[in-house]
>>> print(open('target25.csv').read())   # CSV, C-alpha atoms
chain,number,residue,atom,x,y,z
A,290,GLY,CA,-18.1,-66.3,-6.9
A,291,ARG,CA,-15.2,-63.9,-7.6
A,292,ASN,CA,-13.2,-61.7,-5.3
A,293,LEU,CA,-13.8,-58.0,-5.7
A,294,THR,CA,-10.8,-55.9,-4.6
A,295,ILE,CA,-11.0,-52.1,-4.0
A,296,ARG,CA,-7.6,-50.4,-3.5
A,297,GLY,CA,-8.7,-46.8,-3.6
A,298,ASP,CA,-11.2,-44.6,-1.8
A,299,VAL,CA,-14.7,-45.7,-1.1
A,300,GLY,CA,-17.6,-43.4,-0.5
A,301,VAL,CA,-21.2,-44.0,0.5
A,302,SER,CA,-24.3,-41.8,0.3
A,303,TYR,CA,-27.9,-42.5,1.5
A,304,TRP,CA,-30.1,-39.8,-0.1
A,305,PRO,CA,-31.8,-39.4,-2.5
A,306,VAL,CA,-30.5,-42.9,-3.5
A,307,LEU,CA,-28.2,-45.4,-1.9
A,308,GLY,CA,-24.9,-44.5,-3.6
A,309,LEU,CA,-21.5,-46.1,-3.7
A,310,HIS,CA,-18.3,-44.8,-5.2
A,311,ALA,CA,-15.2,-47.1,-5.4
A,312,ALA,CA,-11.8,-46.2,-6.9
A,313,ASN,CA,-9.3,-48.6,-8.3
A,314,ALA,CA,-11.5,-51.7,-8.2
A,315,ALA,CA,-10.8,-55.2,-9.7
A,316,LEU,CA,-13.0,-58.2,-10.2
A,317,ALA,CA,-10.9,-61.4,-10.3
A,318,ASN,CA,-10.5,-63.6,-13.3
A,319,VAL,CA,-11.0,-67.3,-13.3
A,320,PRO,CA,-8.1,-69.4,-11.8
A,321,GLY,CA,-5.5,-69.8,-14.5
A,322,GLY,CA,-6.8,-67.0,-16.6
A,323,ARG,CA,-4.5,-65.0,-18.9
A,324,ALA,CA,-5.3,-61.7,-17.3
A,325,PRO,CA,-5.2,-61.2,-13.5
A,326,ALA,CA,-8.7,-59.6,-13.5
A,327,LEU,CA,-11.9,-59.9,-15.6
A,328,LEU,CA,-12.6,-56.3,-14.9
A,329,THR,CA,-10.6,-53.4,-13.5
A,330,ALA,CA,-11.9,-49.8,-13.3
A,331,ASP,CA,-10.4,-46.5,-12.2
A,332,ASP,CA,-13.8,-45.5,-10.7
A,333,ILE,CA,-17.2,-47.2,-10.2
A,334,HIS,CA,-20.3,-45.2,-9.3
A,335,VAL,CA,-23.5,-47.0,-8.3
A,336,GLY,CA,-26.8,-45.4,-7.4
A,337,VAL,CA,-29.6,-47.7,-6.1
A,338,GLU,CA,-33.1,-46.6,-5.3
A,339,LEU,CA,-34.1,-47.3,-1.7
A,340,ALA,CA,-37.8,-48.2,-1.8
A,341,PRO,CA,-37.6,-51.2,-4.1
A,342,LEU,CA,-35.1,-52.8,-1.7
A,343,LEU,CA,-37.9,-53.4,0.8
A,344,ASN,CA,-39.5,-55.7,-1.7
A,345,ARG,CA,-36.2,-57.6,-2.5
A,346,GLN,CA,-35.8,-55.8,-5.8
A,347,VAL,CA,-32.8,-53.9,-7.0
A,348,VAL,CA,-33.3,-50.8,-9.1
A,349,VAL,CA,-30.0,-49.2,-10.2
A,350,ARG,CA,-30.6,-45.7,-11.3
A,351,GLN,CA,-27.1,-45.3,-12.6
A,352,LEU,CA,-24.0,-47.5,-12.9
A,353,VAL,CA,-20.9,-45.9,-14.3
A,354,PHE,CA,-17.5,-47.6,-15.1
A,355,GLN,CA,-14.8,-45.0,-15.6
A,356,GLY,CA,-11.7,-46.1,-17.3
A,357,PRO,CA,-12.5,-49.9,-17.2
A,358,HIS,CA,-10.4,-52.7,-18.7
A,359,ILE,CA,-12.5,-55.7,-19.5
A,360,ALA,CA,-10.5,-58.9,-20.3
A,361,LEU,CA,-12.8,-61.5,-22.1
A,362,GLU,CA,-11.2,-64.9,-22.4
A,363,ILE,CA,-12.1,-68.3,-23.8
A,364,GLU,CA,-10.3,-71.1,-21.9
A,365,SER,CA,-8.7,-74.0,-23.7
A,366,ASP,CA,-11.7,-76.2,-22.8
A,367,GLY,CA,-14.1,-73.6,-24.4
A,368,GLN,CA,-15.4,-72.1,-21.2
A,369,PRO,CA,-15.8,-68.3,-21.2
A,370,ASN,CA,-14.3,-66.4,-18.2
A,371,TRP,CA,-17.4,-64.1,-17.9
A,372,ARG,CA,-19.6,-67.1,-16.9
A,373,LEU,CA,-20.3,-66.3,-13.2
A,374,ALA,CA,-21.2,-69.1,-10.8
A,375,PRO,CA,-22.0,-69.1,-7.1
A,376,ARG,CA,-19.0,-69.8,-4.8
A,377,VAL,CA,-18.9,-73.3,-3.5
A,378,ARG,CA,-18.7,-73.3,0.3
A,379,PRO,CA,-16.3,-75.9,1.8
A,380,GLY,CA,-17.7,-78.5,4.2
A,381,PRO,CA,-20.4,-81.2,4.0
A,382,PRO,CA,-23.8,-80.4,2.4
A,383,PRO,CA,-26.6,-79.6,4.8
A,384,THR,CA,-28.6,-82.6,6.0
A,385,THR,CA,-31.8,-80.9,6.9
A,386,ASN,CA,-34.8,-81.2,4.7
A,387,ALA,CA,-36.1,-77.7,5.7
A,388,PRO,CA,-37.0,-75.5,2.7
A,389,ALA,CA,-34.3,-73.0,1.8
A,390,SER,CA,-34.7,-69.4,2.9
A,391,PRO,CA,-35.5,-67.0,0.0
A,392,PRO,CA,-32.5,-64.8,-1.0
A,393,ILE,CA,-32.3,-61.3,0.5
A,394,ILE,CA,-32.2,-59.9,-3.0
A,395,ASN,CA,-33.9,-61.5,-6.0
A,396,ALA,CA,-31.4,-61.1,-8.8
A,397,SER,CA,-34.0,-61.9,-11.5
A,398,ARG,CA,-35.8,-58.7,-10.5
A,399,THR,CA,-32.8,-56.4,-11.0
A,400,THR,CA,-33.2,-53.3,-13.1
A,401,LEU,CA,-30.4,-51.2,-14.5
A,402,ARG,CA,-31.9,-47.9,-15.7
A,403,GLU,CA,-28.6,-46.5,-17.0
A,404,VAL,CA,-25.2,-48.2,-17.5
A,405,THR,CA,-22.3,-46.2,-18.8
A,406,ILE,CA,-18.8,-47.4,-19.8
A,407,ALA,CA,-16.5,-44.3,-20.3
A,408,ASP,CA,-13.0,-44.3,-21.8
A,409,GLY,CA,-12.6,-48.1,-21.5
A,410,GLU,CA,-10.7,-50.9,-23.1
A,411,VAL,CA,-11.9,-54.4,-24.0
A,412,THR,CA,-9.7,-57.3,-24.9
A,413,TYR,CA,-10.6,-60.8,-26.1
A,414,TYR,CA,-8.4,-63.8,-26.2
A,415,ASP,CA,-9.2,-67.4,-27.3
A,416,ALA,CA,-6.8,-69.9,-25.7
A,417,ARG,CA,-7.9,-72.6,-28.2
A,418,ARG,CA,-6.6,-70.6,-31.1
A,419,GLY,CA,-4.0,-68.4,-29.4
A,420,ALA,CA,-5.5,-65.3,-31.0
A,421,GLY,CA,-7.6,-62.3,-30.0
A,422,TRP,CA,-8.3,-58.6,-30.4
A,423,SER,CA,-8.6,-55.4,-28.5
A,424,VAL,CA,-10.6,-52.2,-28.8
A,425,GLY,CA,-9.9,-48.9,-27.0
A,426,ALA,CA,-11.7,-45.6,-26.3
A,427,VAL,CA,-14.8,-47.7,-25.4
A,428,ASN,CA,-17.8,-45.4,-24.7
A,429,LEU,CA,-21.1,-47.3,-24.4
A,430,THR,CA,-24.5,-46.8,-22.8
A,431,THR,CA,-27.2,-49.4,-22.1
A,432,ALA,CA,-30.1,-50.2,-19.8
A,433,LEU,CA,-31.4,-53.5,-18.4
A,434,THR,CA,-35.1,-54.1,-17.6
A,435,ALA,CA,-34.6,-57.7,-16.7
A,436,LEU,CA,-32.1,-60.5,-17.4
A,437,ASN,CA,-34.5,-62.2,-19.8
A,438,GLU,CA,-35.6,-59.0,-21.6
A,439,PRO,CA,-33.8,-57.4,-24.6
A,440,MET,CA,-30.9,-55.1,-24.0
A,441,ARG,CA,-29.6,-52.5,-26.5
A,442,VAL,CA,-26.1,-51.2,-26.4
A,443,LEU,CA,-25.1,-47.9,-28.1
A,444,GLY,CA,-21.8,-46.2,-28.4
A,445,SER,CA,-18.4,-46.2,-30.1
A,446,VAL,CA,-15.0,-47.9,-29.9
A,447,LEU,CA,-11.6,-47.5,-31.4
A,448,TYR,CA,-10.2,-50.4,-33.4
A,449,ASN,CA,-6.8,-50.2,-35.1
A,450,ASP,CA,-6.8,-46.4,-34.8
A,451,LYS,CA,-10.2,-45.9,-36.5
A,452,PRO,CA,-13.5,-45.1,-34.7
A,453,VAL,CA,-16.4,-47.5,-35.0
A,454,GLN,CA,-20.0,-46.7,-34.1
A,455,LEU,CA,-21.8,-49.7,-32.5
A,456,ASP,CA,-25.5,-50.6,-32.1
A,457,MET,CA,-26.1,-54.0,-30.6
A,458,THR,CA,-29.2,-55.7,-29.3
A,459,VAL,CA,-29.1,-58.9,-27.1
A,460,ALA,CA,-32.3,-60.8,-26.7
A,461,SER,CA,-31.5,-62.3,-23.3
A,462,PRO,CA,-28.6,-60.8,-21.3
A,463,GLY,CA,-28.9,-63.6,-18.7
A,464,ALA,CA,-28.1,-66.1,-21.4
A,465,ILE,CA,-24.8,-64.3,-22.2
A,466,ILE,CA,-23.8,-64.3,-18.5
A,467,HIS,CA,-24.5,-68.1,-18.3
A,468,ALA,CA,-22.9,-68.9,-21.7
A,469,GLN,CA,-26.3,-69.9,-23.2
A,470,THR,CA,-27.8,-69.4,-26.6
A,471,THR,CA,-29.5,-66.1,-27.4
A,472,HIS,CA,-30.3,-63.9,-30.4
A,473,VAL,CA,-27.9,-61.1,-31.1
A,474,ALA,CA,-28.1,-58.2,-33.7
A,475,ILE,CA,-25.0,-56.0,-34.3
A,476,ASN,CA,-24.7,-52.9,-36.5
A,477,VAL,CA,-21.3,-51.2,-37.0
A,478,ARG,CA,-20.4,-48.1,-39.0
A,479,SER,CA,-16.9,-46.9,-39.7
A,480,GLU,CA,-14.8,-45.2,-42.4
A,481,LEU,CA,-14.0,-48.5,-44.1
A,482,VAL,CA,-17.2,-50.6,-43.6
A,483,ASP,CA,-20.9,-50.6,-42.8
A,484,ALA,CA,-21.9,-54.0,-41.5
A,485,ALA,CA,-24.9,-55.7,-40.0
A,486,PHE,CA,-24.9,-59.1,-38.2
A,487,GLU,CA,-27.9,-61.1,-37.1
A,488,GLY,CA,-27.6,-64.5,-35.5
A,489,GLN,CA,-27.0,-66.1,-32.1
A,490,THR,CA,-24.4,-67.0,-29.5
A,491,PRO,CA,-24.1,-70.8,-29.3
A,492,ALA,CA,-23.5,-72.0,-25.8
A,493,ALA,CA,-21.0,-74.7,-26.8
A,494,SER,CA,-18.5,-72.5,-28.7
A,495,SER,CA,-19.0,-69.0,-27.2
A,496,GLU,CA,-18.9,-67.6,-30.7
A,497,LEU,CA,-21.4,-65.9,-33.0
A,498,VAL,CA,-23.2,-67.7,-35.7
A,499,GLY,CA,-25.4,-65.9,-38.2
A,500,MET,CA,-25.5,-63.8,-41.4
A,501,VAL,CA,-23.4,-60.7,-42.1
A,502,HIS,CA,-24.1,-58.0,-44.6
A,503,ALA,CA,-21.3,-55.5,-45.3
A,504,SER,CA,-20.3,-52.8,-47.7
A,505,GLY,CA,-17.3,-50.4,-48.0
A,506,PRO,CA,-15.2,-48.4,-50.4
A,507,SER,CA,-12.2,-50.8,-50.5
A,508,LEU,CA,-12.0,-54.5,-49.7
A,509,ARG,CA,-8.2,-54.3,-49.7
A,510,GLN,CA,-8.1,-51.5,-47.1
A,511,LEU,CA,-10.7,-53.3,-45.0
A,512,ALA,CA,-8.6,-56.5,-45.0
A,513,ALA,CA,-5.5,-54.5,-44.0
A,514,TRP,CA,-7.4,-52.8,-41.2
A,515,ALA,CA,-8.8,-56.1,-39.9
A,516,GLY,CA,-5.3,-57.6,-39.8
A,517,VAL,CA,-5.5,-59.9,-42.8
A,518,PRO,CA,-3.9,-57.8,-45.7
A,519,PHE,CA,-4.0,-59.1,-49.3
A,520,GLN,CA,-0.6,-60.1,-50.6
A,521,GLY,CA,0.5,-58.5,-53.8
A,522,GLY,CA,-1.7,-57.3,-56.7
A,523,VAL,CA,-3.9,-54.3,-57.1
A,524,GLY,CA,-7.6,-53.6,-57.1
A,525,PHE,CA,-10.4,-54.4,-54.7
>>> encode(input="target25.csv", output="structure tokens")
Amino acid sequence: GRNLTIRGDVGVSYWPVLGLHAANAALANVPGGRAPALLTADDIHVGVELAPLLNRQVVVRQLVFQGPHIALEIESDGQPNWRLAPRVRPGPPPTTNAPASPPIINASRTTLREVTIADGEVTYYDARRGAGWSVGAVNLTTALTALNEPMRVLGSVLYNDKPVQLDMTVASPGAIIHAQTTHVAINVRSELVDAAFEGQTPAASSELVGMVHASGPSLRQLAAWAGVPFQGGVGF
């Protein structure tokens, strides 16, 4: 469990969907994390359909993050900070053998019909290597049928002052959340490179492993843009 803090205005609507608006919201990072929060957002808008709630199912018609900052981190022990686990309650474990009550909401039956990230920023930092990257002007849309169903993400980001078009498919979003292995396909297009990646996310390293196919007008310009410029010489 993580603490969710809302420092701005909060609004609620009940028709035609159960709606929530929260300004200046923050979801806490792991203890000892580099950034104070995993996610902050200027505004969050959520619209949930009412009827499915009666059957312990959540159907989110729209989820919008306006101006979010997402700080992805790999800790020194290799654990990702986006791995969410239930909060451990203090005190002795229950002694009764009675069967556990079913949850009020079945998370496995959650559907997100439309998710939008508008004008965001994403940073990544690997404490094992002391290195990372960041992208700005993040504008992405996606939808989630189920945590074990494929999810496609479309949109654009700004990396080192150049726009990049992104098309990504994740076979099992639930595996990403729990730092487990899943298939991933990524296509990017920019002024300096067109690239396609197909592989998987190994649970142990939280990194991508697979094949990359790329082409572009200048390898030298691409290397400089990526932060690893060639030293001396001409060509490429």
>>> residues_near_point(input="target25.csv", point="(-14.2, -40.9, -24.1)", cutoff="12 Å", atoms="all atoms listed in the file", output="PyMOL selection string")
chain A and resi 354-357+405-410+425-430+444-447+452
>>> residues_around(input="target25.csv", residues="Leu443 (chain A)", least_positions_apart="3", cutoff="8 Å", atoms="only C-alpha atoms", output="JSON, numbers by chain")
{"A": [429, 430, 431, 454, 455, 456, 457]}
>>> residues_around(input="target25.csv", residues="Val501 (chain A)", least_positions_apart="6", cutoff="7 Å", atoms="all atoms listed in the file", output="list in words")
Ala484, Ala485, Phe486 and Glu487 of chain A
>>> write_last_selection(input="target25.csv", atoms="C-alpha atoms", output="PDB file, in the frame of the given file")
ATOM      1  CA  ALA A 484     -21.900 -54.000 -41.500  1.00  0.00           C
ATOM      2  CA  ALA A 485     -24.900 -55.700 -40.000  1.00  0.00           C
ATOM      3  CA  PHE A 486     -24.900 -59.100 -38.200  1.00  0.00           C
ATOM      4  CA  GLU A 487     -27.900 -61.100 -37.100  1.00  0.00           C
TER       5      GLU A 487
END
>>> closest_residue(input="target25.csv", among="A:Asn449, A:Ser479, A:Thr434, A:Ser423", to="Gly463 (chain A)", atoms="all atoms listed in the file")
A:Thr434
>>> atom_distance(input="target25.csv", atom1="CA of Asn313 (chain A)", atom2="CA of Arg372 (chain A)")
22.9 Å
>>> atom_distance(input="target25.csv", atom1="CA of Ala432 (chain A)", atom2="CA of Val337 (chain A)")
13.9 Å
>>> atom_distance(input="target25.csv", atom1="CA of Ala435 (chain A)", atom2="CA of Glu403 (chain A)")
12.7 Å
>>> residues_around(input="target25.csv", residues="Val459 (chain A)", least_positions_apart="6", cutoff="8 Å", atoms="all atoms listed in the file", output="list in words")
Pro439, Met440, Arg441, Thr471, His472, Val473 and Ala474 of chain A
>>> closest_residue(input="target25.csv", among="A:Arg509, A:His310, A:Arg323, A:Arg418", to="Leu481 (chain A)", atoms="only C-alpha atoms")
A:Arg509
>>> closest_residue(input="target25.csv", among="A:Ala468, A:Ala416, A:Leu352, A:Val404", to="Leu497 (chain A)", atoms="all atoms listed in the file")
A:Ala468
>>> residues_around(input="target25.csv", residues="Thr329 (chain A)", least_positions_apart="4", cutoff="6 Å", atoms="all atoms listed in the file", output="list of chain:residue names")
A:Ala314, A:Ala315, A:Pro357, A:His358
>>> residues_near_point(input="target25.csv", point="(-19.4, -48.9, -10.2)", cutoff="8 Å", atoms="only C-alpha atoms", output="ChimeraX atom specification")
/A:309-311,332-335,352-354
>>> closest_residue(input="target25.csv", among="A:Val498, A:Arg402, A:Gly300, A:Leu373", to="Ala464 (chain A)", atoms="all atoms listed in the file")
A:Leu373
>>> closest_residue(input="target25.csv", among="A:Glu438, A:Thr470, A:Ser461, A:Leu327", to="Tyr414 (chain A)", atoms="all atoms listed in the file")
A:Leu327
>>> residues_around(input="target25.csv", residues="Arg398 (chain A)", least_positions_apart="4", cutoff="12 Å", atoms="all atoms listed in the file", output="ChimeraX atom specification")
/A:341-342,344-349,392-394,433-438,463
